[in-house]
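Below: one structure, written as C-alpha cells.
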Amino acid sequence: MKARRAPLHATIVTPEQAEPIKPFGLDMKILLTTEATGGATSVIMGWHKPGEGPPDHVHFNQEEMFFVVEGTYELTVGDRTATVGPGTMVFIPRNVVHRFRNVGDTTARMLDWSLPGGQDHYFKAISDLAAGGGFSGEEALEISEKFDTNFPAAH
C-alpha cells in the first residue's frame, strides 16, 4: 500500500518573495522549496562573483540541473569540461563529480534544481550556521554529508 502524500498546490514565487540566503558567503534565493513540490524538486537562484564556485563535489541520492541565466562559467561534469554562457542547460546524474566557477569578469547567475528536492535545506542549513557565527569546516562537512553533498578531496 502506497503512503499518501499531502496534496500539492500550485505555487507562484516572485523574486521578491524568494527567501534570500547566504551560504559560503554566496548570494542565493530559494525560488521553490522542497515542501512546495512534495519533495520532487527544489530550485535555487545563485549569483557568483568572478572566481566563485564550489570545489569538486558529488550527490549520491539526487540529480542536479543547472541553467545559466547570465555570465560565463567553466563547468566540469565527470571528465568533461566546458566554458558556457547564458541559455546553457546542464544535467548531472547522481554519482557524477562536478564543479563550476564563474570565469567571467562580471557577476554570473545560475538556476539550480535538485531532483528530488533537498538542496534548499542544505544551503539554508549552511547559511544559518554562517549567520550564527559558529562556522567551522568540520561543521560544514557534517551538514554537507547530512544533505548528500560530498567533497571527494575532503576525505
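All residue names refer to the C-alpha cells as shown: chains lettered A, B, ... in order, residues numbered from 1 in each chain, ligands numbered from 1 in order.
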If you count only C-alpha atoms, which residues fall within 10 Å of A:Pro54, apart from same-chain ones fewer than 3 positions away, as a list of chain:residue names?
->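 In the requested form, the answer reads A:Phe24, A:Gly51, A:His57, A:His98, A:Arg99, A:Phe100, A:Arg101, A:Phe151.
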Limited to N, CA, C and O atoms, could you put the picked residues into a file as an mmCIF file, in the first residue's frame?
```
data_model
loop_
_atom_site.group_PDB
_atom_site.id
_atom_site.type_symbol
_atom_site.label_atom_id
_atom_site.label_comp_id
_atom_site.auth_asym_id
_atom_site.auth_seq_id
_atom_site.Cartn_x
_atom_site.Cartn_y
_atom_site.Cartn_z
ATOM 1 N N PHE A 24 28.120 29.921 2.459
ATOM 2 C CA PHE A 24 29.503 30.057 1.996
ATOM 3 C C PHE A 24 29.797 31.464 1.471
ATOM 4 O O PHE A 24 30.645 31.647 0.605
ATOM 5 N N GLY A 51 35.358 34.287 -10.244
ATOM 6 C CA GLY A 51 36.193 33.356 -9.479
ATOM 7 C C GLY A 51 35.440 32.464 -8.521
ATOM 8 O O GLY A 51 35.999 31.475 -8.027
ATOM 9 N N HIS A 57 32.450 18.135 -6.106
ATOM 10 C CA HIS A 57 31.527 17.517 -5.159
ATOM 11 C C HIS A 57 30.620 16.558 -5.920
ATOM 12 O O HIS A 57 30.573 16.562 -7.143
ATOM 13 N N HIS A 98 31.243 16.884 -9.930
ATOM 14 C CA HIS A 98 31.086 18.096 -10.730
ATOM 15 C C HIS A 98 31.522 19.333 -9.945
ATOM 16 O O HIS A 98 31.644 19.301 -8.728
ATOM 17 N N ARG A 99 31.763 20.415 -10.708
ATOM 18 C CA ARG A 99 32.111 21.711 -10.116
ATOM 19 C C ARG A 99 31.824 22.780 -11.172
ATOM 20 O O ARG A 99 31.643 22.472 -12.350
ATOM 21 N N PHE A 100 31.800 24.021 -10.717
ATOM 22 C CA PHE A 100 31.687 25.141 -11.658
ATOM 23 C C PHE A 100 32.372 26.349 -11.056
ATOM 24 O O PHE A 100 32.597 26.413 -9.839
ATOM 25 N N ARG A 101 32.701 27.305 -11.925
ATOM 26 C CA ARG A 101 33.349 28.534 -11.469
ATOM 27 C C ARG A 101 33.010 29.637 -12.458
ATOM 28 O O ARG A 101 33.024 29.428 -13.674
ATOM 29 N N PHE A 151 32.332 15.944 -0.700
ATOM 30 C CA PHE A 151 33.528 16.512 -1.304
ATOM 31 C C PHE A 151 34.628 15.461 -1.325
ATOM 32 O O PHE A 151 35.261 15.227 -0.302
#
```
Near-A:Gly25 list (12 Å; only C-alpha atoms; drop same-chain fewer than 6 positions) as a ChimeraX atom specification = /A:46-49,52-54,123,126-131,135
Go through A:Gln62, A:Glu16, A:Asp79, A:Pro7 and flag the residue nearest A:Thr41, using only C-alpha atoms for the distances.
-> A:Gln62
Filtered DSSP result for stretch 1-152 of chain A, state alpha helix (DSSP H), as a PyMOL selection string = chain A and resi 119-131+137-146
Can I get the selection written as a PDB file, in the first residue's frame, with N, CA and C atoms?
```pdb
ATOM      1  N   GLN A 119      18.313  20.481  -1.875  1.00  0.00           N
ATOM      2  CA  GLN A 119      19.406  21.452  -1.894  1.00  0.00           C
ATOM      3  C   GLN A 119      19.031  22.716  -1.127  1.00  0.00           C
ATOM      4  N   ASP A 120      17.746  23.081  -1.151  1.00  0.00           N
ATOM      5  CA  ASP A 120      17.322  24.254  -0.389  1.00  0.00           C
ATOM      6  C   ASP A 120      17.577  24.045   1.101  1.00  0.00           C
ATOM      7  N   HIS A 121      17.328  22.839   1.602  1.00  0.00           N
ATOM      8  CA  HIS A 121      17.572  22.548   3.021  1.00  0.00           C
ATOM      9  C   HIS A 121      19.072  22.634   3.328  1.00  0.00           C
ATOM     10  N   TYR A 122      19.877  22.101   2.428  1.00  0.00           N
ATOM     11  CA  TYR A 122      21.334  22.125   2.612  1.00  0.00           C
ATOM     12  C   TYR A 122      21.857  23.558   2.680  1.00  0.00           C
ATOM     13  N   PHE A 123      21.539  24.347   1.652  1.00  0.00           N
ATOM     14  CA  PHE A 123      22.064  25.710   1.617  1.00  0.00           C
ATOM     15  C   PHE A 123      21.505  26.556   2.758  1.00  0.00           C
ATOM     16  N   LYS A 124      20.267  26.317   3.171  1.00  0.00           N
ATOM     17  CA  LYS A 124      19.686  27.055   4.299  1.00  0.00           C
ATOM     18  C   LYS A 124      20.428  26.695   5.592  1.00  0.00           C
ATOM     19  N   ALA A 125      20.725  25.411   5.787  1.00  0.00           N
ATOM     20  CA  ALA A 125      21.457  24.988   6.995  1.00  0.00           C
ATOM     21  C   ALA A 125      22.845  25.608   7.038  1.00  0.00           C
ATOM     22  N   ILE A 126      23.544  25.645   5.903  1.00  0.00           N
ATOM     23  CA  ILE A 126      24.882  26.271   5.852  1.00  0.00           C
ATOM     24  C   ILE A 126      24.758  27.776   6.096  1.00  0.00           C
ATOM     25  N   SER A 127      23.745  28.406   5.506  1.00  0.00           N
ATOM     26  CA  SER A 127      23.520  29.838   5.688  1.00  0.00           C
ATOM     27  C   SER A 127      23.236  30.160   7.154  1.00  0.00           C
ATOM     28  N   ASP A 128      22.384  29.345   7.796  1.00  0.00           N
ATOM     29  CA  ASP A 128      22.055  29.563   9.212  1.00  0.00           C
ATOM     30  C   ASP A 128      23.290  29.389  10.096  1.00  0.00           C
ATOM     31  N   LEU A 129      24.117  28.391   9.778  1.00  0.00           N
ATOM     32  CA  LEU A 129      25.344  28.164  10.543  1.00  0.00           C
ATOM     33  C   LEU A 129      26.263  29.383  10.423  1.00  0.00           C
ATOM     34  N   ALA A 130      26.422  29.898   9.220  1.00  0.00           N
ATOM     35  CA  ALA A 130      27.282  31.062   8.995  1.00  0.00           C
ATOM     36  C   ALA A 130      26.733  32.294   9.708  1.00  0.00           C
ATOM     37  N   ALA A 131      25.401  32.469   9.684  1.00  0.00           N
ATOM     38  CA  ALA A 131      24.782  33.633  10.326  1.00  0.00           C
ATOM     39  C   ALA A 131      24.949  33.575  11.842  1.00  0.00           C
ATOM     40  N   GLY A 137      34.876  24.422   9.462  1.00  0.00           N
ATOM     41  CA  GLY A 137      34.935  23.489   8.344  1.00  0.00           C
ATOM     42  C   GLY A 137      34.357  22.132   8.702  1.00  0.00           C
ATOM     43  N   GLU A 138      34.600  21.693   9.929  1.00  0.00           N
ATOM     44  CA  GLU A 138      34.090  20.394  10.371  1.00  0.00           C
ATOM     45  C   GLU A 138      32.556  20.397  10.406  1.00  0.00           C
ATOM     46  N   GLU A 139      31.974  21.466  10.945  1.00  0.00           N
ATOM     47  CA  GLU A 139      30.513  21.556  10.993  1.00  0.00           C
ATOM     48  C   GLU A 139      29.919  21.628   9.585  1.00  0.00           C
ATOM     49  N   ALA A 140      30.580  22.373   8.702  1.00  0.00           N
ATOM     50  CA  ALA A 140      30.104  22.472   7.321  1.00  0.00           C
ATOM     51  C   ALA A 140      30.142  21.106   6.636  1.00  0.00           C
ATOM     52  N   LEU A 141      31.206  20.329   6.876  1.00  0.00           N
ATOM     53  CA  LEU A 141      31.289  18.987   6.280  1.00  0.00           C
ATOM     54  C   LEU A 141      30.192  18.071   6.818  1.00  0.00           C
ATOM     55  N   GLU A 142      29.887  18.169   8.123  1.00  0.00           N
ATOM     56  CA  GLU A 142      28.807  17.355   8.704  1.00  0.00           C
ATOM     57  C   GLU A 142      27.473  17.695   8.054  1.00  0.00           C
ATOM     58  N   ILE A 143      27.187  18.979   7.891  1.00  0.00           N
ATOM     59  CA  ILE A 143      25.943  19.400   7.241  1.00  0.00           C
ATOM     60  C   ILE A 143      25.942  18.934   5.788  1.00  0.00           C
ATOM     61  N   SER A 144      27.060  19.074   5.103  1.00  0.00           N
ATOM     62  CA  SER A 144      27.158  18.665   3.707  1.00  0.00           C
ATOM     63  C   SER A 144      26.834  17.186   3.555  1.00  0.00           C
ATOM     64  N   GLU A 145      27.428  16.342   4.384  1.00  0.00           N
ATOM     65  CA  GLU A 145      27.183  14.902   4.293  1.00  0.00           C
ATOM     66  C   GLU A 145      25.740  14.567   4.645  1.00  0.00           C
ATOM     67  N   LYS A 146      25.179  15.255   5.637  1.00  0.00           N
ATOM     68  CA  LYS A 146      23.778  15.020   6.011  1.00  0.00           C
ATOM     69  C   LYS A 146      22.840  15.283   4.838  1.00  0.00           C
TER      70      LYS A 146
END
```
Considering only C-alpha atoms, state which residue in the set A:Thr83, A:Asp112, A:Pro55, A:Val69 is at the smallest distance from A:Val97.
-> A:Pro55
Work out how far atom CA of A:Gly87 is from atom CA of A:Thr37, in Å to one decimal.
->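 Computing the Euclidean distance for atom CA of A:Thr37 and atom CA of A:Gly87 yields 24.4 Å.
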Go through chain A and collect every residue that DSSP, computed from the backbone, puts in strand (DSSP E or B); the answer should be as a PyMOL selection string.
-> chain A and resi 19-21+27-32+42-48+57-58+63-70+73-77+80-84+89-92+98-102+108-115+150
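Using only C-alpha atoms for every distance, the candidate list A:Val77, A:Val84, A:Ala108, A:Ile92 yields A:Ile92 as the residue closest to A:Glu64.
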Using only C-alpha atoms, which of A:Gly39, A:Thr106, A:Val58, A:Gly118 sits nearest A:Thr72?
-> A:Thr106
Just give me the gap between atom CA of A:Ile44 and atom CA of A:Arg80 in Å, one decimal is fine.
->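 The value is 23.9 Å.
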Top pick for closest residue to A:Asn150, considering A:Met89, A:Met65, A:Val96, A:Val43 and counting only C-alpha atoms =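 Using only C-alpha atoms, the shortest distance to A:Asn150 belongs to A:Val96.
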From A:Gly38, A:Pro152, A:Leu26, A:Tyr73, residue lying nearest A:Asp56 [only C-alpha atoms] |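 Under the stated criterion, the closest residue is A:Pro152.
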